[in-house]
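Below: upload-v1.cif (mmCIF, C-alpha atoms)
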data_query
#
loop_
_atom_site.label_atom_id
_atom_site.label_comp_id
_atom_site.auth_asym_id
_atom_site.auth_seq_id
_atom_site.Cartn_x
_atom_site.Cartn_y
_atom_site.Cartn_z
CA MET A 22 -37.47 -12.31 -96.21
CA CYS A 23 -41.00 -12.08 -94.92
CA LEU A 24 -42.36 -15.38 -93.58
CA GLY A 25 -46.07 -15.53 -92.85
CA SER A 26 -49.24 -17.58 -92.91
CA ALA A 27 -51.77 -15.06 -94.25
CA LEU A 28 -51.22 -15.14 -98.01
CA ASP A 29 -53.51 -12.24 -98.88
CA ILE A 30 -52.04 -9.89 -96.25
CA LEU A 31 -48.53 -10.93 -97.23
CA GLY A 32 -49.24 -10.18 -100.89
CA ALA A 33 -50.79 -6.77 -100.13
CA GLY A 34 -47.54 -5.66 -98.53
CA ARG A 35 -45.52 -6.60 -101.64
CA PRO A 36 -42.35 -7.64 -99.79
CA PRO A 37 -39.29 -8.21 -102.00
CA ARG A 38 -39.01 -11.85 -100.87
CA ALA A 39 -41.67 -13.86 -99.08
CA THR A 40 -42.45 -17.37 -97.91
CA PHE A 41 -45.97 -18.59 -97.19
CA VAL A 42 -46.79 -21.48 -94.90
CA ASP A 43 -50.48 -22.47 -94.86
CA TYR A 44 -50.85 -22.86 -91.10
CA PRO A 45 -53.28 -21.18 -88.67
CA LEU A 46 -52.11 -17.73 -87.55
CA GLY A 47 -49.62 -17.87 -84.71
CA HIS A 48 -47.62 -20.74 -86.25
CA SER A 49 -45.59 -19.01 -88.95
CA THR A 50 -42.49 -21.00 -87.93
CA GLY A 51 -44.10 -24.34 -87.30
CA LYS A 52 -46.26 -26.64 -85.26
CA PRO A 53 -45.88 -26.61 -81.47
CA PHE A 54 -43.42 -29.14 -80.07
CA ASP A 55 -42.43 -30.23 -83.58
CA ALA A 56 -38.79 -29.21 -83.83
CA ALA A 57 -38.33 -30.91 -87.20
CA ASP A 58 -41.24 -28.99 -88.72
CA GLN A 59 -39.99 -25.71 -87.25
CA LEU A 60 -36.47 -26.24 -88.54
CA ALA A 61 -37.70 -27.23 -92.01
CA ILE A 62 -39.83 -24.09 -92.34
CA VAL A 63 -37.11 -21.68 -91.18
CA ARG A 64 -34.54 -23.44 -93.36
CA ALA A 65 -36.81 -23.25 -96.41
CA ALA A 66 -37.61 -19.58 -95.82
CA LEU A 67 -33.97 -18.57 -95.45
CA ALA A 68 -32.99 -20.62 -98.52
CA GLY A 69 -34.99 -18.08 -100.51
CA PHE A 70 -32.17 -15.59 -100.02
CA ASP A 71 -30.02 -17.78 -102.27
CA THR A 72 -32.72 -18.88 -104.72
CA ILE A 73 -35.18 -16.02 -105.28
CA THR A 74 -34.14 -13.78 -108.16
CA GLN A 75 -37.45 -12.08 -109.00
CA PRO A 76 -38.77 -9.30 -106.70
CA GLU A 77 -42.15 -10.03 -105.05
CA THR A 78 -41.72 -13.79 -105.30
CA ILE A 79 -43.80 -15.62 -102.70
CA VAL A 80 -42.56 -19.18 -102.14
CA ARG A 81 -45.39 -21.47 -101.04
CA LEU A 82 -44.22 -24.22 -98.73
CA PRO A 83 -45.81 -27.67 -99.12
CA ASN A 84 -46.34 -28.15 -95.36
CA GLN A 85 -49.87 -29.12 -94.30
CA TRP A 86 -51.29 -28.39 -90.85
CA ASP A 87 -53.47 -31.51 -90.99
CA ALA A 88 -55.08 -33.74 -93.56
CA ALA A 89 -58.64 -32.40 -93.19
CA GLY A 90 -57.97 -28.65 -93.29
CA ASP A 91 -61.06 -27.84 -91.20
CA TRP A 92 -59.19 -25.06 -89.41
CA ARG A 93 -59.63 -22.86 -92.47
CA THR A 94 -63.41 -22.89 -92.08
CA ASP A 95 -63.15 -21.62 -88.51
CA ALA A 96 -60.62 -18.97 -89.49
CA MET A 97 -63.05 -17.60 -92.11
CA ARG A 98 -66.05 -17.28 -89.80
CA ALA A 99 -67.05 -13.73 -88.89
CA ASP A 100 -68.02 -14.69 -85.35
CA ARG A 101 -64.91 -16.67 -84.44
CA GLY A 102 -61.17 -16.71 -84.61
CA ASP A 103 -59.59 -13.30 -84.24
CA THR A 104 -60.68 -11.76 -80.93
CA ARG A 105 -59.19 -8.40 -80.03
CA GLN A 106 -58.30 -7.55 -76.47
CA PRO A 107 -59.37 -4.19 -75.02
CA ARG A 108 -57.13 -1.31 -76.07
CA ASP A 109 -55.26 -0.38 -72.94
CA GLU A 110 -51.91 1.30 -72.30
CA THR A 111 -50.98 -0.89 -69.33
CA PRO A 112 -48.36 -3.54 -70.17
CA GLN A 113 -50.13 -6.89 -70.46
CA PHE A 114 -47.69 -9.29 -68.83
CA GLN A 115 -48.27 -12.95 -69.63
CA HIS A 116 -47.66 -13.87 -65.99
CA ALA A 117 -47.84 -11.76 -62.85
CA ALA A 118 -44.30 -12.88 -62.05
CA ASP A 119 -43.11 -11.24 -65.32
CA ARG A 120 -44.36 -7.93 -63.98
CA ASP A 121 -42.29 -8.36 -60.84
CA ALA A 122 -39.25 -9.35 -62.93
CA ALA A 123 -39.60 -6.24 -65.11
CA ILE A 124 -39.76 -4.05 -62.02
CA ALA A 125 -36.77 -5.83 -60.45
CA SER A 126 -34.66 -5.40 -63.60
CA GLY A 127 -35.51 -1.71 -63.78
CA ALA A 128 -37.16 -2.15 -67.20
CA TRP A 129 -40.49 -0.92 -65.92
CA ARG A 130 -41.90 1.19 -63.13
CA PRO A 131 -45.66 1.06 -62.62
CA ALA A 132 -47.51 4.36 -62.53
CA SER A 133 -48.69 5.54 -59.12
CA PRO A 134 -52.11 4.19 -58.27
CA PRO A 135 -54.96 6.70 -58.68
CA GLY A 136 -55.28 9.00 -55.69
CA ALA A 137 -51.76 8.37 -54.40
CA SER A 138 -50.20 11.49 -53.02
CA PRO A 139 -46.79 12.60 -54.32
CA ASP A 140 -43.76 12.16 -52.11
CA ALA A 141 -43.39 14.98 -49.59
CA ASP A 142 -39.76 15.51 -50.46
CA MET B 4 -57.67 -22.65 -101.17
CA THR B 5 -56.12 -20.35 -98.59
CA VAL B 6 -57.92 -18.38 -95.89
CA ALA B 7 -59.16 -14.95 -97.04
CA TYR B 8 -58.09 -13.15 -93.88
CA MET B 9 -58.61 -9.63 -95.21
CA GLN B 10 -62.23 -10.39 -96.08
CA ALA B 11 -62.90 -12.34 -92.86
CA ILE B 12 -61.43 -9.68 -90.56
CA THR B 13 -63.17 -6.87 -92.42
CA GLU B 14 -66.52 -8.63 -91.95
CA ARG B 15 -65.78 -9.42 -88.31
CA TYR B 16 -65.06 -5.76 -87.54
CA LYS B 17 -68.16 -4.62 -89.39
CA ALA B 18 -70.27 -7.07 -87.36
CA ILE B 19 -69.06 -5.64 -84.04
CA GLY B 20 -69.63 -2.06 -85.16
CA TYR B 21 -66.05 -0.90 -85.76
CA ALA B 22 -65.20 1.61 -88.46
CA PRO B 23 -64.24 -0.11 -91.73
CA TYR B 24 -60.81 -1.68 -91.49
CA ARG B 25 -58.37 -0.08 -93.92
CA TRP B 26 -55.80 -2.62 -95.03
CA TYR B 27 -52.36 -1.61 -96.06
CA GLN B 28 -51.83 -2.07 -99.76
CA ALA B 29 -48.38 -1.26 -101.12
CA ASP B 30 -48.66 0.92 -104.21
CA ASP B 31 -45.10 0.61 -105.37
CA ALA B 32 -42.86 -2.30 -106.21
CA PRO B 33 -40.44 -3.05 -103.37
CA PRO B 34 -36.79 -2.12 -103.56
CA TRP B 35 -34.62 -5.05 -104.50
CA THR B 36 -31.19 -5.58 -102.97
CA PRO B 37 -29.19 -8.66 -104.00
CA LEU B 38 -27.37 -10.35 -101.16
CA ALA B 39 -23.74 -9.32 -100.80
CA ARG B 40 -22.72 -12.88 -100.00
CA PRO B 41 -24.33 -16.33 -99.84
CA LEU B 42 -26.56 -17.17 -96.89
CA ALA B 43 -23.89 -19.52 -95.53
CA ALA B 44 -21.56 -16.54 -95.18
CA SER B 45 -24.18 -13.98 -94.10
CA THR B 46 -25.03 -12.52 -90.73
CA VAL B 47 -28.78 -13.01 -90.27
CA GLY B 48 -31.11 -10.87 -88.17
CA MET B 49 -34.66 -11.67 -87.15
CA LEU B 50 -37.86 -9.84 -86.28
CA SER B 51 -41.02 -11.45 -84.94
CA THR B 52 -44.20 -9.34 -84.84
CA SER B 53 -45.73 -11.63 -82.23
CA GLY B 54 -45.30 -9.37 -79.20
CA ALA B 55 -42.49 -11.48 -77.74
CA TYR B 56 -40.52 -10.30 -74.73
CA ALA B 57 -38.04 -11.93 -72.37
CA VAL B 58 -38.59 -12.24 -68.64
CA GLY B 59 -37.17 -9.07 -67.11
CA GLN B 60 -38.41 -6.93 -70.02
CA VAL B 61 -41.64 -4.99 -70.07
CA ALA B 62 -44.63 -6.53 -71.85
CA TYR B 63 -46.47 -4.71 -74.63
CA HIS B 64 -49.61 -2.74 -74.08
CA TYR B 65 -52.59 -3.11 -76.40
CA LYS B 66 -53.12 0.44 -77.59
CA ASP B 67 -50.85 0.88 -80.62
CA ASP B 68 -47.67 -0.05 -78.75
CA THR B 69 -44.90 0.90 -81.20
CA SER B 70 -41.99 -0.15 -78.99
CA ILE B 71 -39.58 -2.92 -79.88
CA ARG B 72 -37.72 -5.45 -77.74
CA SER B 73 -34.20 -6.64 -78.28
CA ILE B 74 -34.01 -10.26 -77.12
CA PRO B 75 -30.68 -12.09 -76.73
CA ALA B 76 -30.57 -14.89 -79.31
CA ASP B 77 -29.44 -17.36 -76.65
CA THR B 78 -32.48 -16.74 -74.44
CA PRO B 79 -33.85 -20.09 -73.23
CA LYS B 80 -37.37 -20.91 -74.33
CA SER B 81 -38.51 -20.95 -70.71
CA ALA B 82 -37.79 -17.20 -70.45
CA LEU B 83 -39.81 -16.12 -73.52
CA ARG B 84 -43.23 -14.53 -73.14
CA PHE B 85 -45.85 -12.95 -75.41
CA SER B 86 -48.33 -10.10 -75.17
CA HIS B 87 -50.30 -9.11 -78.26
CA VAL B 88 -53.69 -7.53 -78.88
CA THR B 89 -54.75 -10.71 -80.69
CA GLU B 90 -53.41 -13.01 -78.02
CA ASN B 91 -55.88 -15.71 -79.09
CA TYR B 92 -53.31 -16.67 -81.73
CA LEU B 93 -50.63 -17.21 -79.10
CA VAL B 94 -52.07 -20.17 -77.19
CA ASP B 95 -49.51 -22.55 -78.72
CA ALA B 96 -46.62 -20.06 -78.79
CA ARG B 97 -47.02 -19.55 -75.05
CA GLN B 98 -46.34 -23.27 -74.68
CA ASP B 99 -43.67 -23.47 -77.38
CA ALA B 100 -42.24 -20.10 -78.43
CA ASP B 101 -40.55 -21.64 -81.47
CA CYS B 102 -43.94 -21.61 -83.27
CA ILE B 103 -43.48 -17.90 -83.93
CA LEU B 104 -40.07 -16.92 -82.48
CA PRO B 105 -37.76 -19.55 -84.03
CA LEU B 106 -34.63 -19.13 -81.92
CA THR B 107 -34.03 -22.88 -81.66
CA ALA B 108 -34.17 -23.34 -85.45
CA LEU B 109 -31.98 -20.30 -86.11
CA ARG B 110 -29.36 -21.49 -83.63
CA ALA B 111 -29.40 -24.95 -85.24
CA LEU B 112 -28.92 -23.45 -88.71
CA GLN B 113 -26.02 -21.42 -87.40
CA ALA B 114 -24.45 -24.48 -85.77
CA GLU B 115 -24.62 -26.51 -88.98
CA GLY B 116 -23.31 -23.67 -91.12
CA ALA B 117 -26.44 -23.08 -93.21
CA ILE B 118 -26.23 -19.42 -92.14
CA GLY B 119 -22.95 -17.65 -91.49
CA SER B 120 -23.97 -16.30 -88.12
CA LEU B 121 -27.03 -15.25 -86.19
CA ALA B 122 -27.16 -11.73 -84.78
CA ASP B 123 -26.57 -11.66 -81.02
CA GLN B 124 -30.02 -10.16 -80.47
CA VAL B 125 -33.31 -10.65 -82.27
CA PHE B 126 -36.09 -8.08 -82.37
CA SER B 127 -39.75 -8.27 -81.54
CA CYS B 128 -42.65 -5.87 -81.87
CA MET B 129 -46.39 -6.04 -81.29
CA GLY B 130 -47.82 -6.28 -84.78
CA GLY B 131 -51.31 -5.07 -83.85
CA VAL B 132 -50.70 -1.35 -84.38
CA TYR B 133 -53.67 0.23 -86.15
CA SER B 134 -51.90 3.38 -87.32
CA GLN B 135 -50.05 2.82 -90.59
CA ARG B 136 -48.40 6.20 -90.06
CA ARG B 137 -46.98 5.16 -86.69
CA VAL B 138 -45.67 1.89 -88.12
CA ARG B 139 -43.98 3.81 -90.93
CA GLU B 140 -42.63 6.62 -88.76
CA GLU B 141 -41.87 4.85 -85.47
CA VAL B 142 -41.64 1.05 -85.71
CA ALA B 143 -39.92 0.65 -89.09
CA PRO B 144 -37.14 3.24 -88.57
CA ALA B 145 -36.31 1.83 -85.11
CA LEU B 146 -36.03 -1.69 -86.54
CA LEU B 147 -33.96 -0.52 -89.50
CA ALA B 148 -31.57 1.28 -87.14
CA GLY B 149 -31.32 -1.85 -85.01
CA PHE B 150 -30.51 -4.10 -87.97
CA ARG B 151 -27.96 -1.60 -89.28
CA GLN B 152 -26.28 -1.43 -85.91
CA GLN B 153 -26.02 -5.23 -85.95
CA LYS B 154 -24.50 -5.07 -89.45
CA VAL B 155 -26.71 -7.93 -90.61
CA ASP B 156 -26.60 -8.92 -94.29
CA CYS B 157 -30.24 -9.99 -94.34
CA ALA B 158 -33.15 -10.47 -91.96
CA LEU B 159 -36.01 -12.90 -91.50
CA LEU B 160 -39.28 -11.12 -90.68
CA VAL B 161 -41.69 -13.54 -89.04
CA SER B 162 -45.17 -12.07 -89.22
CA MET B 163 -48.12 -13.14 -87.13
#
Could I get this file's structure written as structure tokens?
Amino acid sequence: MCLGSALDILGAGRPPRATFVDYPLGHSTGKPFDAADQLAIVRAALAGFDTITQPETIVRLPNQWDAAGDWRTDAMRADRGDTRQPRDETPQFQHAADRDAAIASGAWRPASPPGASPDAD
Amino acid sequence: MTVAYMQAITERYKAIGYAPYRWYQADDAPPWTPLARPLAASTVGMLSTSGAYAVGQVAYHYKDDTSIRSIPADTPKSALRFSHVTENYLVDARQDADCILPLTALRALQAEGAIGSLADQVFSCMGGVYSQRRVREEVAPALLAGFRQQKVDCALLVSM
């Protein structure tokens, strides 16, 4: 079951079962700090496993982000919305402390800084 | 009327001088597999393409990172983080991860019996990989192997 909030992209992928929620990108499973909304969306999406019988069905949920719907205008503008970060192969930790935690757990070892000499032994 | 993201993003890329964005368009009808058992008796897996990681794991990088993270399903919200090439969409998720990584909802559905069980680990990847070939050859097979190892009956794919 593919749950998403970009209907055209979802449709282009032709998933066997899909659920669409018409929220701004980044909120496919609900509004922030709204546990009831989040639970309702995930429940409705998973219910599709029992109810969808036709391949490529996209269930449209009735949830509304807000009454006005102005967010859609911003999302469509060519000069706003989606802003890509520079393409870089360094892990982009959300917090500096996460970097330290990843090193401490052994999950990551930073590359030697440029110009560092290799160990003598 | 829904947002025409494919058109908007294509125009946005053109305006900043990028090569034309080539969207994935599936040519063939998807395979269809009926569920072996009802949802209430099924083991459910989950993938979020939001670039989620848990504290102690390595973050994603922003140059076609095709790696995946396996996140324990009982991870507290305070230990969930995100790194994604379009991190502008993650402002809310970084305050409340359940916007895009619905562990709280999945655990609640398991507790009430709406789903049989939730896999012990959920998966995450960084959905902003520009190479369709690398998604097909690297990301998808790794996720499929992970779900098979978990013996899930079905999976929820939360796209961002």
Worksheet item: Quick one: which residues from chain B are at most 8 Å off chain A, using only C-alpha atoms, as a PyMOL selection string?
Response: chain B and resi 5-9+11-12+14-15+18+27-29+32-35+38+41-42+53+58-66+68+84-86+88-93+95-96+98-99+101-105+108-109+111-112+157-163
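The spacing separating atom CA of Arg97 of chain B from atom CA of Met129 of chain B amounts to 14.9 Å.
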Worksheet entry | Minimum-distance residue to Gly149 of chain B, chosen among B:Thr69, B:Pro23, B:Val125, B:Ala55 (using all atoms listed in the file) | B:Val125
Discussion item. When you look at Cys128 of chain B with a cut-off of 6 Å (counting only C-alpha atoms), what residues show up, excluding the ones that are within fewer than 5 positions of it in the same chain? I need them as an MDAnalysis selection string.
Written reply: chainID B and resid 52 54 71
Worksheet item: Could you work out how far atom CA of Ala57 of chain B lies from atom CA of Pro79 of chain B, giving the answer in Å with one decimal?
Response: 9.2 Å
Worksheet item: Rounded to one decimal in Å, what is the spacing between atom CA of Arg136 of chain B and atom CA of Val47 of chain B?
Response: 27.5 Å
Discussion item. For a cutoff of 7 Å around the file-coordinate point (-26.3, -18.5, -90.3), which residues qualify once you count all atoms listed in the file? I'd like the result as a PyMOL selection string.
Written reply: chain B and resi 42-43+45-47+112-113+116-121
